[in-house]
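Structure below is data_38.txt: compact mmCIF, C-alpha atoms and all ligand atoms.
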# COMPACT_ATOMS: atom_id res chain seq x y z
CA MET A 20 268.99 51.97 -46.11
CA LEU A 21 266.90 54.82 -47.36
CA ASN A 22 266.24 57.69 -45.04
CA ARG A 23 264.35 60.94 -45.33
CA GLU A 24 267.30 63.09 -44.40
CA GLU A 25 269.26 61.77 -47.36
CA LEU A 26 266.29 62.03 -49.71
CA LYS A 27 265.77 65.59 -48.58
CA ASP A 28 269.38 66.38 -49.45
CA LEU A 29 268.89 64.77 -52.87
CA SER A 30 265.68 66.69 -53.48
CA GLU A 31 267.37 69.99 -52.71
CA ILE A 32 270.05 69.56 -55.33
CA GLN A 33 269.84 72.17 -58.06
CA GLY A 34 271.82 71.12 -61.08
CA ASN A 35 271.80 74.45 -62.96
CA GLU A 36 274.09 73.67 -65.87
CA ASN A 37 274.88 70.21 -64.55
CA TYR A 38 273.07 67.00 -65.33
CA TYR A 39 272.21 63.93 -63.29
CA VAL A 40 271.57 60.43 -64.54
CA SER A 41 269.04 58.52 -62.44
CA LEU A 42 268.68 54.80 -63.05
CA TYR A 43 266.11 52.41 -61.61
CA LEU A 44 266.59 48.82 -62.65
CA ASN A 45 264.81 45.60 -61.85
CA VAL A 46 267.74 43.33 -61.08
CA ASN A 47 265.82 40.64 -59.20
CA PRO A 48 267.74 37.41 -59.89
CA LEU A 49 264.44 35.48 -59.99
CA THR A 50 262.91 37.52 -62.79
CA ASN A 51 266.27 37.95 -64.52
CA PRO A 52 267.64 34.38 -64.43
CA LYS A 53 269.80 35.01 -67.51
CA GLY A 54 270.83 38.51 -66.49
CA GLU A 55 268.15 40.04 -68.75
CA TYR A 56 268.51 43.36 -66.96
CA VAL A 57 271.73 43.98 -68.87
CA LEU A 58 269.74 44.07 -72.10
CA HIS A 59 267.06 46.27 -70.54
CA LEU A 60 269.72 48.71 -69.40
CA LYS A 61 271.39 48.78 -72.81
CA ASN A 62 268.06 49.50 -74.48
CA MET A 63 267.34 52.34 -72.09
CA ILE A 64 270.81 53.79 -72.58
CA ARG A 65 270.41 53.63 -76.35
CA GLU A 66 267.06 55.36 -76.15
CA VAL A 67 268.42 58.10 -73.91
CA SER A 68 271.46 58.57 -76.17
CA GLU A 69 269.22 58.96 -79.21
CA ASN A 70 266.80 61.36 -77.58
CA THR A 71 269.19 63.63 -75.71
CA GLU A 72 270.52 66.86 -77.19
CA LYS A 73 274.16 66.59 -78.23
CA GLU A 74 275.25 69.25 -75.78
CA VAL A 75 273.65 67.40 -72.87
CA TYR A 76 274.77 63.99 -74.06
CA ARG A 77 278.38 65.14 -73.97
CA LYS A 78 277.97 65.91 -70.29
CA ILE A 79 276.42 62.56 -69.32
CA LYS A 80 278.26 60.23 -71.65
CA SER A 81 280.75 59.12 -69.03
CA ASP A 82 277.94 58.62 -66.49
CA LEU A 83 276.20 56.23 -68.87
CA GLU A 84 279.43 54.39 -69.59
CA LYS A 85 280.29 53.97 -65.93
CA ILE A 86 276.78 52.87 -65.02
CA SER A 87 276.79 50.35 -67.82
CA ALA A 88 280.19 48.97 -66.83
CA TYR A 89 279.11 48.77 -63.21
CA VAL A 90 275.85 46.91 -63.85
CA THR A 91 277.26 44.52 -66.44
CA SER A 92 280.34 43.48 -64.53
CA ASN A 93 279.34 40.01 -63.47
CA LYS A 94 280.66 40.27 -59.95
CA ARG A 95 277.61 42.22 -58.80
CA GLU A 96 275.35 40.68 -56.23
CA PHE A 97 272.06 42.44 -56.55
CA ARG A 98 268.87 42.35 -54.59
CA LYS A 99 265.52 43.18 -56.25
CA GLY A 100 265.86 46.79 -57.23
CA LEU A 101 268.86 48.94 -57.98
CA ALA A 102 268.76 52.72 -57.85
CA LEU A 103 271.72 54.80 -58.99
CA VAL A 104 272.04 58.55 -59.19
CA SER A 105 275.18 59.85 -60.80
CA SER A 106 276.81 63.04 -62.01
CA GLU A 107 280.41 62.46 -63.05
CA GLU A 108 280.66 66.15 -63.73
CA GLN A 109 280.10 66.87 -60.07
CA GLY A 110 281.76 63.80 -58.67
CA PHE A 111 278.38 62.74 -57.33
CA ARG A 112 277.10 59.20 -56.94
CA ARG A 113 274.50 57.41 -54.80
CA GLU A 114 273.57 53.77 -54.91
CA TYR A 115 270.66 51.99 -53.24
CA ASN A 116 270.27 48.24 -53.25
CA LEU A 117 266.59 47.75 -52.60
CA SER A 118 264.72 44.74 -51.30
CA VAL A 119 261.67 45.84 -53.30
CA PRO A 120 261.22 45.81 -57.06
CA VAL A 121 261.41 49.01 -59.08
CA LYS A 122 260.17 50.06 -62.49
CA ASN A 123 262.94 50.24 -65.11
CA THR A 124 263.64 53.91 -65.65
CA LEU A 125 266.56 55.98 -66.92
CA ILE A 126 266.22 59.71 -66.60
CA VAL A 127 268.58 62.55 -67.45
CA ASP A 128 267.74 65.85 -65.84
CA ASN A 129 269.15 68.86 -64.00
CA THR A 130 268.17 67.26 -60.72
CA PRO A 131 268.17 63.69 -59.39
CA TYR A 132 264.92 61.83 -60.04
CA ILE A 133 263.96 60.46 -56.63
CA LYS A 134 260.20 59.92 -56.72
CA PRO A 135 260.48 56.10 -56.72
CA LEU A 136 262.65 56.28 -53.60
CA LEU A 137 260.22 58.63 -51.86
CA ASP A 138 257.38 56.24 -52.71
CA ILE A 139 259.24 53.32 -51.15
CA VAL A 140 259.72 55.27 -47.94
CA ASP A 141 256.10 56.47 -47.91
CA ASN A 142 254.54 53.10 -48.63
CA ASN A 143 256.57 51.18 -46.10
CA PRO A 144 256.56 52.86 -42.70
CA ARG A 145 259.74 52.75 -40.69
CA HIS A 146 260.01 52.08 -36.98
CA LEU A 147 262.64 53.23 -34.56
CA ILE A 148 264.29 51.03 -31.99
CA LEU A 149 266.29 52.59 -29.21
CA LEU A 150 268.54 50.63 -26.89
CA VAL A 151 269.31 52.63 -23.84
CA GLU A 152 271.50 52.19 -20.78
CA LYS A 153 272.80 54.60 -18.21
CA ASP A 154 275.93 55.51 -20.11
CA GLU A 155 275.13 54.42 -23.65
CA ALA A 156 272.41 54.35 -26.28
CA ARG A 157 271.99 52.99 -29.80
CA ILE A 158 269.47 54.02 -32.46
CA PHE A 159 268.16 51.60 -35.10
CA LEU A 160 265.70 51.93 -37.94
CA VAL A 161 263.56 49.07 -39.16
CA HIS A 162 262.29 49.26 -42.74
CA LEU A 163 260.94 46.49 -44.96
CA GLY A 164 261.91 43.87 -42.42
CA GLU A 165 265.50 45.05 -42.23
CA ILE A 166 267.33 46.76 -39.43
CA VAL A 167 270.10 49.31 -39.72
CA GLU A 168 271.99 50.96 -36.92
CA TYR A 169 272.04 54.73 -37.19
CA GLY A 170 274.09 55.91 -34.34
CA GLU A 171 275.51 55.44 -30.94
CA ILE A 172 275.61 57.79 -28.00
CA LYS A 173 278.28 57.12 -25.44
CA THR A 174 278.69 59.28 -22.42
CA ALA A 175 282.23 58.71 -21.29
CA ASP A 176 282.21 60.43 -17.93
CA VAL A 177 279.37 58.57 -16.27
CA PRO A 178 281.27 57.15 -13.29
CA GLY A 179 280.96 53.73 -11.78
CA LYS A 180 280.50 51.67 -14.91
CA HIS A 181 283.37 49.34 -14.23
CA LYS A 182 282.95 49.14 -10.49
CA LYS A 183 282.31 45.67 -9.27
CA GLY A 184 278.69 44.98 -8.48
CA GLY A 185 277.32 47.47 -10.96
CA TRP A 186 275.43 50.65 -10.47
CA PHE A 187 273.27 49.99 -7.50
CA ALA A 188 275.87 48.18 -5.46
CA LEU A 189 277.41 51.53 -4.72
CA ALA A 190 275.44 52.23 -1.64
CA GLU A 191 277.02 55.39 -0.35
CA PRO A 192 274.34 58.06 -0.78
CA HIS A 193 276.58 60.91 -1.92
CA TYR A 194 278.27 58.71 -4.49
CA GLN A 195 274.89 57.50 -5.69
CA ARG A 196 273.72 61.07 -6.17
CA HIS A 197 276.88 61.77 -8.13
CA ILE A 198 276.10 58.88 -10.45
CA ASP A 199 272.46 59.84 -10.83
CA TYR A 200 273.53 63.30 -11.88
CA HIS A 201 275.73 61.95 -14.65
CA VAL A 202 273.19 59.37 -15.76
CA GLY A 203 270.66 62.17 -15.93
CA LEU A 204 272.97 64.20 -18.18
CA HIS A 205 273.49 61.19 -20.40
CA LEU A 206 269.77 60.46 -20.72
CA LYS A 207 269.09 64.10 -21.51
CA GLU A 208 271.63 63.88 -24.30
CA VAL A 209 269.95 60.72 -25.63
CA ILE A 210 266.54 62.42 -25.59
CA LYS A 211 267.91 65.42 -27.47
CA LYS A 212 269.39 63.23 -30.20
CA LEU A 213 266.26 61.10 -30.34
CA GLU A 214 264.00 64.10 -30.78
CA SER A 215 266.04 65.57 -33.61
CA PHE A 216 266.19 62.17 -35.32
CA LEU A 217 262.44 61.71 -35.00
CA SER A 218 261.62 65.08 -36.47
CA ALA A 219 264.00 64.63 -39.41
CA GLU A 220 262.78 61.14 -40.25
CA GLN A 221 259.05 61.44 -39.47
CA ILE A 222 258.74 58.21 -37.55
CA ASP A 223 255.69 57.42 -35.48
CA LEU A 224 256.41 54.17 -33.71
CA ILE A 225 259.21 53.69 -31.21
CA PHE A 226 260.27 50.53 -29.42
CA ILE A 227 262.79 50.64 -26.61
CA GLY A 228 265.12 48.00 -25.23
CA GLY A 229 267.49 47.83 -22.31
CA SER A 230 267.50 46.95 -18.64
CA GLU A 231 264.30 47.55 -16.71
CA GLU A 232 266.03 50.14 -14.51
CA ALA A 233 267.44 52.18 -17.36
CA LEU A 234 264.17 52.08 -19.31
CA THR A 235 262.14 53.26 -16.33
CA MET A 236 264.51 56.17 -15.68
CA PHE A 237 264.54 57.05 -19.34
CA LYS A 238 260.77 57.00 -19.74
CA ASP A 239 260.32 59.19 -16.68
CA MET A 240 262.47 61.84 -18.29
CA LEU A 241 260.85 61.77 -21.73
CA PRO A 242 258.56 64.54 -22.88
CA GLU A 243 255.01 63.28 -23.25
CA THR A 244 254.93 63.69 -27.05
CA VAL A 245 257.78 61.22 -27.40
CA ARG A 246 256.61 58.88 -24.63
CA ASN A 247 253.24 58.49 -26.38
CA ARG A 248 254.96 57.10 -29.42
CA ILE A 249 256.62 54.28 -27.51
CA LYS A 250 254.66 51.19 -28.42
CA GLY A 251 256.55 48.61 -26.43
CA GLN A 252 259.69 47.76 -24.55
CA PHE A 253 261.87 44.68 -24.32
CA ALA A 254 264.84 43.39 -22.38
CA ALA A 255 268.09 43.81 -24.28
CA GLU A 256 271.80 44.08 -23.68
CA MET A 257 273.84 46.84 -25.26
CA PHE A 258 276.19 44.44 -27.06
CA LEU A 259 273.51 42.81 -29.23
CA LYS A 260 274.07 42.72 -32.97
CA PRO A 261 271.44 44.53 -35.07
CA ASP A 262 269.79 41.27 -36.18
CA GLU A 263 269.53 40.13 -32.58
CA VAL A 264 267.93 43.43 -31.65
CA LEU A 265 265.37 42.96 -34.42
CA LYS A 266 264.63 39.45 -33.20
CA ARG A 267 263.97 40.69 -29.67
CA ALA A 268 261.69 43.46 -30.93
CA GLU A 269 259.89 41.29 -33.47
CA PRO A 270 256.94 40.24 -31.26
CA LEU A 271 256.22 43.92 -30.58
CA LEU A 272 256.64 45.05 -34.18
CA SER A 273 254.48 42.24 -35.51
CA VAL A 274 251.41 43.56 -33.71
CA TYR A 275 251.59 46.76 -35.73
CA GLU A 276 252.47 45.06 -38.98
CA ALA A 277 249.55 42.68 -38.55
CA GLU A 278 247.19 45.61 -37.96
CA LYS A 279 248.31 47.30 -41.16
CA GLU A 280 248.03 44.07 -43.13
CA LYS A 281 244.54 43.38 -41.81
CA LYS A 282 243.26 46.71 -43.12
CA ILE A 283 244.62 45.96 -46.57
CA VAL A 284 243.26 42.40 -46.75
CA ASP A 285 239.86 43.49 -45.45
CA GLU A 286 239.62 46.15 -48.13
CA LEU A 287 240.68 43.72 -50.84
CA ILE A 288 238.21 41.02 -49.86
CA THR A 289 235.32 43.43 -49.32
CA ARG A 290 235.91 44.91 -52.75
CA ALA A 291 236.14 41.50 -54.36
CA MET A 292 232.86 40.41 -52.74
CA LYS A 293 231.13 43.50 -54.06
CA GLY A 294 232.68 43.16 -57.49
CA ASN A 295 234.27 46.53 -56.96
CA GLN A 296 237.58 46.70 -58.82
CA ALA A 297 239.42 43.82 -57.24
CA ALA A 298 240.84 40.48 -58.33
CA LEU A 299 241.41 37.36 -56.28
CA GLY A 300 243.48 34.31 -57.18
CA ILE A 301 246.44 34.02 -59.51
CA GLU A 302 244.44 33.64 -62.72
CA ASP A 303 242.40 36.84 -62.27
CA VAL A 304 245.45 38.73 -61.01
CA ILE A 305 247.45 37.76 -64.09
CA GLY A 306 244.55 38.88 -66.27
CA ALA A 307 244.49 42.25 -64.53
CA ALA A 308 248.26 42.61 -64.78
CA MET A 309 248.18 41.90 -68.53
CA GLU A 310 245.62 44.69 -68.91
CA GLY A 311 247.70 47.10 -66.85
CA LYS A 312 245.00 47.50 -64.22
CA ILE A 313 246.77 46.74 -60.95
CA HIS A 314 246.80 49.47 -58.34
CA LYS A 315 247.86 47.42 -55.31
CA LEU A 316 249.12 43.85 -55.44
CA VAL A 317 248.70 41.78 -52.28
CA PHE A 318 250.00 38.28 -51.65
CA VAL A 319 250.96 35.92 -48.87
CA LYS A 320 254.67 35.82 -48.10
CA ASP A 321 256.40 32.79 -49.65
CA TYR A 322 253.47 32.11 -51.97
CA GLU A 323 254.84 30.60 -55.15
CA ALA A 324 253.31 29.58 -58.42
CA SER A 325 254.63 28.38 -61.74
CA GLY A 326 253.18 29.07 -65.15
CA PHE A 327 253.99 29.99 -68.71
CA LYS A 328 255.38 33.01 -70.46
CA CYS A 329 255.40 34.02 -74.10
CA VAL A 330 259.00 34.19 -75.29
CA ASN A 331 258.10 37.08 -77.60
CA CYS A 332 255.59 39.43 -75.97
CA GLY A 333 255.93 38.37 -72.35
CA LEU A 334 252.29 37.35 -71.89
CA LEU A 335 251.87 35.37 -68.68
CA SER A 336 249.52 32.45 -68.21
CA ILE A 337 248.76 29.84 -65.63
CA GLN A 338 247.36 27.52 -68.33
CA ASN A 339 249.63 25.20 -70.24
CA ILE A 340 249.05 26.55 -73.72
CA THR A 341 251.51 25.85 -76.52
CA SER A 342 251.28 29.14 -78.36
CA CYS A 343 250.60 32.70 -77.25
CA PRO A 344 246.99 33.81 -77.88
CA TYR A 345 248.23 37.31 -78.73
CA CYS A 346 251.22 36.86 -80.96
CA GLY A 347 251.28 33.13 -81.67
CA SER A 348 254.83 32.70 -80.36
CA GLU A 349 256.03 29.84 -78.24
CA MET A 350 255.19 29.72 -74.52
CA GLU A 351 257.95 28.67 -72.12
CA SER A 352 257.36 27.30 -68.66
CA ILE A 353 258.46 29.53 -65.81
CA GLU A 354 258.88 28.96 -62.10
CA TYR A 355 258.66 32.39 -60.59
CA LEU A 356 255.24 33.49 -61.72
CA VAL A 357 254.54 35.58 -58.62
CA GLU A 358 257.82 37.48 -59.00
CA LEU A 359 257.04 38.17 -62.65
CA VAL A 360 253.51 39.36 -61.86
CA THR A 361 254.98 41.60 -59.15
CA GLN A 362 257.41 43.13 -61.59
CA ARG A 363 254.61 43.68 -64.11
CA ALA A 364 252.49 45.36 -61.41
CA VAL A 365 255.36 47.63 -60.37
CA GLU A 366 255.85 48.65 -63.99
CA GLN A 367 252.19 49.75 -63.95
CA GLY A 368 252.92 51.94 -60.96
CA ALA A 369 251.33 49.56 -58.46
CA THR A 370 252.32 49.23 -54.84
CA VAL A 371 253.01 45.78 -53.44
CA GLU A 372 252.00 44.38 -50.05
CA VAL A 373 253.49 41.11 -48.91
CA LEU A 374 251.56 39.65 -46.01
CA ALA A 375 253.67 38.14 -43.26
CA TYR A 376 251.13 37.97 -40.42
CA GLU A 377 247.55 38.46 -41.56
CA THR A 378 247.59 35.58 -43.99
CA THR A 379 244.64 33.28 -43.20
CA SER A 380 241.81 34.99 -45.06
CA LEU A 381 243.82 35.50 -48.23
CA LYS A 382 245.18 31.93 -48.10
CA GLU A 383 241.58 30.76 -48.25
CA ARG A 384 241.08 32.81 -51.39
CA GLY A 385 244.06 31.83 -53.46
CA ASN A 386 246.98 33.54 -51.70
CA ILE A 387 247.04 36.51 -54.03
CA GLY A 388 244.81 39.41 -54.96
CA ALA A 389 244.84 42.92 -56.32
CA ILE A 390 243.00 46.17 -55.97
CA LEU A 391 242.47 47.52 -59.48
CA ARG A 392 242.63 50.97 -61.00
CA PHE A 393 239.48 50.60 -63.08
ZN ZN A 401 253.05 36.55 -77.18

Could I get this structure in the form of C-alpha cells?
Amino acid sequence: MLNREELKDLSEIQGNENYYVSLYLNVNPLTNPKGEYVLHLKNMIREVSENTEKEVYRKIKSDLEKISAYVTSNKREFRKGLALVSSEEQGFRREYNLSVPVKNTLIVDNTPYIKPLLDIVDNNPRHLILLVEKDEARIFLVHLGEIVEYGEIKTADVPGKHKKGGWFALAEPHYQRHIDYHVGLHLKEVIKKLESFLSAEQIDLIFIGGSEEALTMFKDMLPETVRNRIKGQFAAEMFLKPDEVLKRAEPLLSVYEAEKEKKIVDELITRAMKGNQAALGIEDVIGAAMEGKIHKLVFVKDYEASGFKCVNCGLLSIQNITSCPYCGSEMESIEYLVELVTQRAVEQGATVEVLAYETTSLKERGNIGAILRF
C-alpha cells in the first residue's frame, strides 16, 4: 500500500547523472480483455526510445527491457493500475499494484515521477486503526477500502499476562500496582509510536479497537490532540486478521465515507440542476468523456452498463450504431462500458469517486455523473 513516508523518500531522490524510468500502466483486466496493455506499453517504449538522447538511452535500455519482460510475462495477475519506478543503474525498483486506474505514462528523468501516486494518496484519505491491549498493540491503515498492517508493538516484560484469570484477577494490591506500572510503560510506548506515525503520514481519523478496559486506560493517557482525532471505538481481540479488523471497524468508517460521498453527490446534482458544468446519466457522461471534459467522475458502486466501441478510434456509444460517426469504422459491442469511461476520464486527468454508501440520489438520476472542466 502507498504511504507518505515512502513517497517522501521517493521524492527526495536526486538522480544527478543517473536516470529513472517511471511507468504507469492501465492493466485493468476488464478494459484490457485481450491484454491490450502489452501493446500500449510497447508503443510507449518505442516512443521513449526514439525521443531519448543516445547517451541517456544507453543508461535506461536495460530498465525498459526488464519492465517489458515483466509486464508481458503472462503469469502476472494485475489489478487496475500498475506503477513501476526503476533504475537498473542504481539497483533501484519499486512496484505498486493499485486498485485504482492510472493514466498510461512512461517517463525517463533524473528523478522518479511520482505525481500520480501522490494524487492517489491525496484524493483518497486514509484512516488509521489501532488495536491496543495492555501488553500489545497493532497499527493498521485503511485506504481505498483495503487494510494493511503497519506494525506491532509488543512489550515483553508486562507481567501477569499468562496468569490464570487474567489481569484483574490478581487482587493483591502491590502486585496490581506493579502491573499497572508496566502497562503504563507499554501504553506510553504505543502513544509515542502512534504520534510519530500520525505526523509522518498526515492522517486525521483514528479508530481504536480492543477490550473496554484497555481502551479506557489508553484514552486516559492520550494527549488531547490525538484523542480528538479518535472517531470511534470497537471491541476487538488482538489475534484478528486484518480483514476481520476492517469488518469490525466498517460501521464506524462508513459514517465518514458516507459524509464525504454526500458532499460530492450534492455538488454534482446541484450543478446539473443549474446547468453548471455537470453531466448526469451514462449518455451525457460518455459525450463529455469523448470531448475530454471530465474533471470528476462519480458513479454508484457496482453500476454496470454495456455499449459499443469503435474498433478504430475508440469512440464509445450507448446506441447500437453499425458504423462510427467519426471515422466510419465498425462498432463492436462491449460489456464494461463504465470501466472504459473511467479509464477515458483518468486519461483526461479526472478523479474518480465510487459511491458505496450515499447512492440513492444518484441512482435516481442514472447511476453516473460527472463534474466537467468547461
Ligand atoms: Zn471511430

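The shortest atom-to-atom distance to Leu359 of chain A, with all atoms listed in the file taken into account, belongs to A:Leu335 out of A:Leu335, A:Met63, A:Ala255, A:Val140.
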
Among listed residues A:Asn143, A:Gln252, A:Ser348, A:Asn37, nearest ligand ZN 401 (chain A) (using all atoms listed in the file) = A:Ser348

Where does chain A meet ligand ZN 401 (chain A) within 6 Å, residue by residue, with the nearest atom pair and distance in Å to one decimal for each, counting all atoms listed in the file, listed by chain and rising number, as CSV?
residue,atom,partner,partner_atom,distance
A:Cys329,CA,A:ZN401,ZN,4.6
A:Asn331,CA,A:ZN401,ZN,5.1
A:Cys332,CA,A:ZN401,ZN,4.0
A:Gly333,CA,A:ZN401,ZN,5.9
A:Leu334,CA,A:ZN401,ZN,5.4
A:Cys343,CA,A:ZN401,ZN,4.6
A:Tyr345,CA,A:ZN401,ZN,5.1
A:Cys346,CA,A:ZN401,ZN,4.2
A:Gly347,CA,A:ZN401,ZN,5.9
A:Ser348,CA,A:ZN401,ZN,5.3

Would you mind exporting the chosen residues as a CSV table (one decimal), in the coordinates of the input, restricted to C-alpha atoms?
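Below is the file that was written, selection39.csv:
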chain,number,residue,atom,x,y,z
A,329,CYS,CA,255.4,34.0,-74.1
A,331,ASN,CA,258.1,37.1,-77.6
A,332,CYS,CA,255.6,39.4,-76.0
A,333,GLY,CA,255.9,38.4,-72.4
A,334,LEU,CA,252.3,37.4,-71.9
A,343,CYS,CA,250.6,32.7,-77.2
A,345,TYR,CA,248.2,37.3,-78.7
A,346,CYS,CA,251.2,36.9,-81.0
A,347,GLY,CA,251.3,33.1,-81.7
A,348,SER,CA,254.8,32.7,-80.4

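Residues surrounding segment 310-314 of chain A within 8 Å are Ala364, Gln367, Gly368, Ala369, Thr370, Ala389, Ile390, Leu391, Arg392 and Phe393 of chain A [only C-alpha atoms; sequence separation below 5 positions excluded].
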
key: Point-to-point distance in Å for atom CA of Val40 of chain A and atom CA of Ser105 of chain A   = 5.2 Å

From A:Phe237, A:Phe318, A:Phe226, A:Tyr275, residue lying nearest Lys153 of chain A [all atoms listed in the file] = A:Phe237

ask   = Smallest atom-to-atom distance to Lys266 of chain A: which of A:Ile166, A:Glu349, A:Ala291, A:Tyr200, using only C-alpha atoms?
value = A:Ile166

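The shortest atom-to-atom distance to Asn116 of chain A, with only C-alpha atoms taken into account, belongs to A:Lys99 out of A:Lys279, A:Lys212, A:Arg145, A:Lys99.
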
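Closest approach to Glu366 of chain A from the set A:Thr124, A:Ser352, A:Gln338, A:Ser218 is made by A:Thr124, with distances taken over all atoms listed in the file.
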
inquiry  = I'd like the neighbourhood of Gly203 of chain A as a ChimeraX atom specification, where a residue qualifies if any of its atoms comes within 9 Å (using only C-alpha atoms), though same-chain residues fewer than 4 positions away should be ignored.
reply    = /A:153,198-199,207-208,236-237,240

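One distance worth recording is that between atom CA of Asn70 of chain A and atom CA of Tyr89 of chain A, which is 22.7 Å.
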
inquiry  = With all atoms listed in the file as the counted atoms, please give the residues lying no more than 9 Å from Val264 of chain A, apart from itself and same-chain residues fewer than 4 positions off, as number ranges by chain.
reply    = A: 148, 150, 159, 166, 228, 255-256, 259-260, 268-269

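Using only C-alpha atoms, the protein and nucleic acid residues lying no more than 10 Å from Ile64 of chain A, apart from those fewer than 2 places from it along its own chain, are Leu42, Leu58, His59, Leu60, Lys61, Asn62, Glu66, Val67, Ser68, Glu69, Asn70, Lys80, Leu83, Glu84, Ile86, Ser87, Thr124, Leu125 and Ile126 of chain A.
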
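A straight line drawn from atom CA of Lys134 of chain A to atom CA of Gln33 of chain A is 15.6 Å long.
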
key: Nearby residues (only C-alpha atoms) at most 8 Å from Leu374 of chain A, same-chain spacing under 6 positions excluded, as a PyMOL selection string   = chain A and resi 280+317-320

Report as a tab-separated table the residues of segment 270-385 of chain A within 12 Å of segment 220-224 of chain A, each with its shortest atom pair and distance in Å (one decimal), using only C-alpha atoms, ordered by chain and increasing residue number.
residue	atom	partner	partner_atom	distance
A:Leu271	CA	A:Leu224	CA	10.7
A:Leu272	CA	A:Leu224	CA	9.1
A:Val274	CA	A:Leu224	CA	11.7
A:Tyr275	CA	A:Leu224	CA	9.1
A:Glu276	CA	A:Leu224	CA	11.2

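Surrounding residues of (266.9, 65.2, -49.9) at most 12 Å away are Leu21, Asn22, Arg23, Glu24, Glu25, Leu26, Lys27, Asp28, Leu29, Ser30, Glu31, Ile32, Gln33, Arg113, Thr130, Pro131, Tyr132, Ile133, Lys134, Leu136, Leu137, Ala219 and Glu220 of chain A (based on all atoms listed in the file).
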